[in-house]
Amino acid sequence: MTKTAAAQGTRLADIVRKQAGTAPDHIALVDESGSWTFAAFDVAIDQAAQWLTSVGVRGGDRVLLVNENCRTLVALILAAGRIDAWAVIVNARLSEREIKTMREHCGARRTIYTTTVSDDALAHAECEGAETAMIPGVGEIALGPLADVVPEPVFASGAEQCAAMIYTTGTTGNPKGVMLSHESILYVGNQTGKIRGMGPHDRVYCVLPVSHIFGLSSVLLGTLAAGATIELAAKFSASDLDQALRTRLTVYQGVPAMHARLLEYAEQHDITLSAPHLRYTSAGGSPLDPDLKRRVEAALGTYLHNGLGMTEAAPTIAVTRPIDEFDDISCGPIIPGTEARIVDPETKEHLPDAQVGELWIKGPGVMLGYYRNPEATAAVLDDEGWLNTGDLAHFDENRSLWVDGRSKELIIRSGFNIYPPEVEAVINSHPDVVQSAVIGRSTSDGNEEVLAFVEVRPGSNPAPEDIIAFAAENLAPYKKPSELTILDRLPAGPTGKLLKHKLLA
């Protein structure tokens with residue numbers, strides 16, 4: 001699946017080279033170990049690219065990056081693109097099983113671990129027998145063995161060449177690698193940066209994982225494209241965020257759960273939050289609760305912006321503008337360059353804007369497809385490039401987008417996507433379990449928690465906490481069920497299909 005009308009040769013790293021030419025001494029990246037100017041950053045990308053080539057990475061190869069946020073990670077992502085390799089960006093907090101599945105599915109030429117900032121990455125590296133290596137001018141990592149794999153074709157067009165692959169599990173429970181082109185990520189980064197009015201005067205906080213498309217495209221690339229300074233944090237700390245807000249941050253983007261934890265921190269320590277330099281803050285990655293929005297705005301003294309995105313759209317679809325100060329939780333207008341329409345889920349006919357239906361979009365941000373999965377790609381992306389988001393939505397009279405629900409079973413917890421079939425597959429592998437049903441339940445802070453309902457084998461008597469512990473061994477922590485209920489029989493229809501809507505009735 002390809003796209004058209006893109007500038008030839010455009011790559012993610014080009015934005016750093018451009019800034020290095022116009023503002024070489026401006027600070028680009030900051031993490032706990034130090035900082036890079038744009039000039040030093042550009043050199044670091046070149047050094048990382050040369051190193052990748054020296055360890056056998058070729059154009060079209062997939063490089064698995066098991067990571068938490070740091071300068072080394074960002075340099076490797078952009079360096080991979082500079083030599084036309086694909087950066088497959090995987091959060092180190094995933095389980096060993098999950099990372100192994102993704103490594104095998106993508107056919108990684110090399111696996112690299114950001115061990116200096118992540119104990120989880122270090123544990124994965126040790127488990128896989130990766131060896132410590134130093135990338136000159138960039139930093140220390142752990143390097144997995146060279147794999148004999150076939151590289152993918154390389155394209156001159158930034159619209160056709162894959163820059164990054166982000167995994168979503170999908171409704172089948174199997175991993176789906178979302179292929180995002182250089183153009184798609186740059187398009188969203190540039191558009192969101194412009195919408196936020198970003199410039200060199202800004203200092204942006206990035207604790208959202210760069211392994212998540214929100215952190216990669218909207219926060220990281222949006223900041224770099226604007227020539228602003230970005231601070232990378234490997235883990236969320238409310239106290240660190242509080243201090244950064246008091247002293248220097250002009251832009252802060254987070255998932256609703258991060259905003260809620262900041263308010264909780266202030267309440268627990270009986271302090272008044274202060275953000276004298278902050279001019280823009282937003283929530284994304286999961287639904288925004290109106291009460292949380294009001295409390296954040298009162299505490300920080302700035303409007304809390306909202307939007308809608310998904311990995312397959314790199315990710316931003318709609319977002320409120322700085323001039324918009326709605327009291328509601330509208331997602332704002334569709335971003336420039338993207339088309340949208342409301343479609344009847346059954347007939348696929350176009351509906352009036354004010355009527356609720358499935359949201360379909362088309363534009364430069366739309367993915368190339370799911371890697372090695374043409375059936376799943378065809379299920380959501382048609383021949384004309386229209387993507388079915390799976391969201392139920394409508395537009396108001398001002399053409400502002402409202403999300404009314406999801407036609408898929410996706411659970412969003414702390415900004416991370418959780419697909420029930422994957423969790424169910426793990427639970428179902430327990431020797432005492434017949435079948436399970438996993439659903440999400442909204443919480444007061446705008447987050448969602450994972451609930452599991454289990455039917456066990458006759459004569460067995462496992463404790464719910466034992467099944468949860470079993471699942472936790474094979475899932476990332478954020479995917480672990482918060483609650484597990486054992487039932488004599490799960491509700492089902494005449495065909496045997498589980499009726500999940502009855503589980504919370």
# chains A, B, ... in the order shown; residues from 1 in each chain; ligands from 1
$ select_by_dssp --residues "range 98-317 of chain A" --states "strand (DSSP E)" --output "short mmCIF file (atom, residue, chain, number, x, y, z; two decimals) with N, CA, C and O atoms, in the first residue's frame"
data_model
loop_
_atom_site.label_atom_id
_atom_site.label_comp_id
_atom_site.auth_asym_id
_atom_site.auth_seq_id
_atom_site.Cartn_x
_atom_site.Cartn_y
_atom_site.Cartn_z
N ALA A 108 13.53 -8.85 13.03
CA ALA A 108 14.52 -7.82 13.38
C ALA A 108 15.93 -8.25 12.99
O ALA A 108 16.36 -9.37 13.31
N ARG A 109 16.65 -7.38 12.30
CA ARG A 109 18.06 -7.63 11.97
C ARG A 109 18.92 -7.53 13.23
O ARG A 109 19.81 -8.33 13.46
N ARG A 110 18.64 -6.51 14.03
CA ARG A 110 19.32 -6.31 15.30
C ARG A 110 18.30 -5.87 16.34
O ARG A 110 17.31 -5.21 16.02
N THR A 111 18.56 -6.22 17.61
CA THR A 111 17.78 -5.71 18.73
C THR A 111 18.71 -4.91 19.62
O THR A 111 19.79 -5.38 19.99
N ILE A 112 18.29 -3.68 19.94
CA ILE A 112 19.11 -2.76 20.73
C ILE A 112 18.33 -2.36 21.98
O ILE A 112 17.13 -2.07 21.91
N TYR A 113 19.01 -2.36 23.12
CA TYR A 113 18.37 -2.09 24.40
C TYR A 113 18.97 -0.84 25.04
O TYR A 113 20.21 -0.71 25.14
N GLU A 131 25.06 -8.04 24.27
CA GLU A 131 26.36 -7.58 24.75
C GLU A 131 26.42 -6.05 24.82
O GLU A 131 25.88 -5.35 23.95
N THR A 132 27.08 -5.55 25.84
CA THR A 132 27.23 -4.11 26.00
C THR A 132 28.08 -3.55 24.86
O THR A 132 29.09 -4.13 24.46
N ALA A 133 27.64 -2.42 24.34
CA ALA A 133 28.37 -1.76 23.26
C ALA A 133 28.28 -0.26 23.45
O ALA A 133 27.36 0.25 24.10
N MET A 134 29.23 0.45 22.88
CA MET A 134 29.25 1.90 22.96
C MET A 134 29.11 2.48 21.55
O MET A 134 29.87 2.13 20.65
N ILE A 135 28.12 3.34 21.38
CA ILE A 135 27.96 4.05 20.12
C ILE A 135 28.70 5.37 20.25
O ILE A 135 28.32 6.21 21.07
N GLY A 139 26.10 6.99 23.11
CA GLY A 139 25.90 6.41 24.42
C GLY A 139 26.04 4.90 24.43
O GLY A 139 26.24 4.26 23.39
N GLU A 140 25.93 4.34 25.61
CA GLU A 140 26.05 2.91 25.81
C GLU A 140 24.70 2.23 25.65
O GLU A 140 23.68 2.72 26.11
N ILE A 141 24.72 1.08 25.00
CA ILE A 141 23.51 0.27 24.81
C ILE A 141 23.89 -1.20 24.97
O ILE A 141 25.06 -1.53 25.24
N ALA A 142 22.92 -2.09 24.83
CA ALA A 142 23.19 -3.51 24.71
C ALA A 142 22.72 -3.95 23.32
O ALA A 142 21.65 -3.52 22.87
N LEU A 143 23.52 -4.77 22.67
CA LEU A 143 23.27 -5.16 21.29
C LEU A 143 23.02 -6.66 21.18
O LEU A 143 23.85 -7.46 21.61
N CYS A 162 9.00 3.29 4.88
CA CYS A 162 8.61 3.15 6.29
C CYS A 162 9.71 3.70 7.19
O CYS A 162 10.89 3.37 7.04
N ALA A 163 9.33 4.55 8.13
CA ALA A 163 10.27 5.12 9.09
C ALA A 163 10.22 4.39 10.41
O ALA A 163 11.26 4.11 11.02
N ALA A 164 9.01 4.08 10.87
CA ALA A 164 8.85 3.47 12.19
C ALA A 164 7.69 2.48 12.15
O ALA A 164 6.73 2.65 11.40
N MET A 165 7.81 1.48 12.99
CA MET A 165 6.73 0.52 13.15
C MET A 165 6.37 0.46 14.63
O MET A 165 7.24 0.25 15.49
N ILE A 166 5.10 0.72 14.92
CA ILE A 166 4.58 0.68 16.27
C ILE A 166 3.58 -0.46 16.36
O ILE A 166 2.68 -0.58 15.51
N TYR A 167 3.72 -1.30 17.37
CA TYR A 167 2.84 -2.46 17.48
C TYR A 167 1.57 -2.15 18.26
O TYR A 167 1.61 -1.52 19.32
N THR A 168 0.45 -2.57 17.68
CA THR A 168 -0.81 -2.68 18.42
C THR A 168 -1.20 -4.14 18.32
O THR A 168 -0.94 -4.80 17.32
N LYS A 176 0.05 -6.56 15.65
CA LYS A 176 -0.05 -5.93 14.35
C LYS A 176 0.93 -4.77 14.32
O LYS A 176 0.86 -3.86 15.14
N GLY A 177 1.86 -4.83 13.38
CA GLY A 177 2.86 -3.78 13.25
C GLY A 177 2.35 -2.69 12.33
O GLY A 177 2.19 -2.90 11.12
N VAL A 178 2.09 -1.51 12.90
CA VAL A 178 1.59 -0.39 12.12
C VAL A 178 2.78 0.28 11.43
O VAL A 178 3.66 0.83 12.09
N MET A 179 2.80 0.22 10.10
CA MET A 179 3.90 0.81 9.33
C MET A 179 3.59 2.28 9.05
O MET A 179 2.59 2.61 8.40
N LEU A 180 4.45 3.15 9.56
CA LEU A 180 4.27 4.60 9.41
C LEU A 180 5.41 5.15 8.58
O LEU A 180 6.57 4.94 8.88
N SER A 181 5.06 5.86 7.53
CA SER A 181 6.08 6.42 6.65
C SER A 181 6.72 7.65 7.25
O SER A 181 6.22 8.24 8.22
N ARG A 203 9.83 25.19 25.67
CA ARG A 203 10.50 24.08 26.35
C ARG A 203 9.41 23.07 26.68
O ARG A 203 8.48 23.37 27.42
N VAL A 204 9.56 21.87 26.14
CA VAL A 204 8.49 20.87 26.15
C VAL A 204 8.91 19.66 26.97
O VAL A 204 10.06 19.20 26.89
N TYR A 205 7.97 19.13 27.75
CA TYR A 205 8.23 17.97 28.60
C TYR A 205 7.71 16.71 27.92
O TYR A 205 6.55 16.66 27.50
N CYS A 206 8.56 15.70 27.79
CA CYS A 206 8.17 14.45 27.14
C CYS A 206 8.41 13.27 28.08
O CYS A 206 9.49 12.69 28.09
N THR A 229 12.97 23.14 22.39
CA THR A 229 13.75 22.25 23.25
C THR A 229 12.83 21.24 23.91
O THR A 229 11.77 21.61 24.43
N ILE A 230 13.25 19.98 23.91
CA ILE A 230 12.43 18.94 24.52
C ILE A 230 13.21 18.25 25.63
O ILE A 230 14.38 17.91 25.48
N GLU A 231 12.54 18.07 26.77
CA GLU A 231 13.11 17.34 27.90
C GLU A 231 12.53 15.94 27.90
O GLU A 231 11.32 15.75 27.94
N LEU A 232 13.41 14.93 27.90
CA LEU A 232 12.98 13.53 27.90
C LEU A 232 13.06 12.96 29.31
O LEU A 232 14.09 13.07 29.98
N VAL A 251 5.24 24.03 27.50
CA VAL A 251 4.29 23.09 26.89
C VAL A 251 4.35 21.77 27.65
O VAL A 251 5.45 21.24 27.88
N TYR A 252 3.18 21.24 28.01
CA TYR A 252 3.13 19.93 28.66
C TYR A 252 1.96 19.15 28.10
O TYR A 252 0.82 19.60 28.13
N GLN A 253 2.25 17.96 27.57
CA GLN A 253 1.23 17.07 27.03
C GLN A 253 1.29 15.75 27.79
O GLN A 253 2.37 15.20 28.02
N GLY A 254 0.13 15.25 28.17
CA GLY A 254 0.11 14.00 28.90
C GLY A 254 -1.21 13.28 28.71
O GLY A 254 -2.18 13.84 28.18
N TYR A 280 0.64 26.15 27.10
CA TYR A 280 -0.16 25.16 26.39
C TYR A 280 -0.06 23.82 27.09
O TYR A 280 1.05 23.34 27.38
N THR A 281 -1.21 23.23 27.37
CA THR A 281 -1.22 21.87 27.92
C THR A 281 -2.37 21.11 27.30
O THR A 281 -3.39 21.70 26.93
N SER A 282 -2.19 19.81 27.16
CA SER A 282 -3.22 19.02 26.49
C SER A 282 -3.29 17.62 27.08
O SER A 282 -2.37 17.17 27.77
N ALA A 283 -4.39 16.97 26.80
CA ALA A 283 -4.60 15.57 27.19
C ALA A 283 -4.88 14.76 25.94
O ALA A 283 -5.53 15.23 25.01
N LEU A 304 -6.98 23.23 29.19
CA LEU A 304 -6.54 21.86 28.89
C LEU A 304 -7.15 21.43 27.56
O LEU A 304 -8.36 21.22 27.45
N HIS A 305 -6.30 21.32 26.55
CA HIS A 305 -6.76 20.96 25.21
C HIS A 305 -7.00 19.47 25.09
O HIS A 305 -6.43 18.66 25.83
N GLY A 307 -8.11 16.14 22.09
CA GLY A 307 -7.99 15.73 20.71
C GLY A 307 -8.33 14.27 20.53
O GLY A 307 -8.70 13.58 21.49
N LEU A 308 -8.20 13.80 19.31
CA LEU A 308 -8.42 12.39 19.00
C LEU A 308 -7.29 11.91 18.10
O LEU A 308 -6.89 12.60 17.16
N GLY A 309 -6.77 10.74 18.41
CA GLY A 309 -5.74 10.15 17.57
C GLY A 309 -5.75 8.64 17.67
O GLY A 309 -6.43 8.06 18.51
N THR A 316 -2.50 11.97 15.18
CA THR A 316 -3.51 13.00 15.40
C THR A 316 -4.52 13.09 14.26
O THR A 316 -4.15 13.19 13.10
N ILE A 317 -5.80 13.08 14.64
CA ILE A 317 -6.91 13.21 13.71
C ILE A 317 -7.58 14.56 13.90
O ILE A 317 -7.86 15.28 12.94
#
$ atom_distance --atom1 "CA of Asp404 in chain A" --atom2 "CA of Val366 in chain A"
21.8 Å
$ closest_residue --among "A:Pro491, A:Gly227, A:Pro276, A:Gly215" --to "Ala244 in chain A" --atoms "only C-alpha atoms"
A:Pro276
$ select_by_dssp --residues "range 81-272 of chain A" --states "helix (DSSP H, G or I)" --output "count of residues only"
73
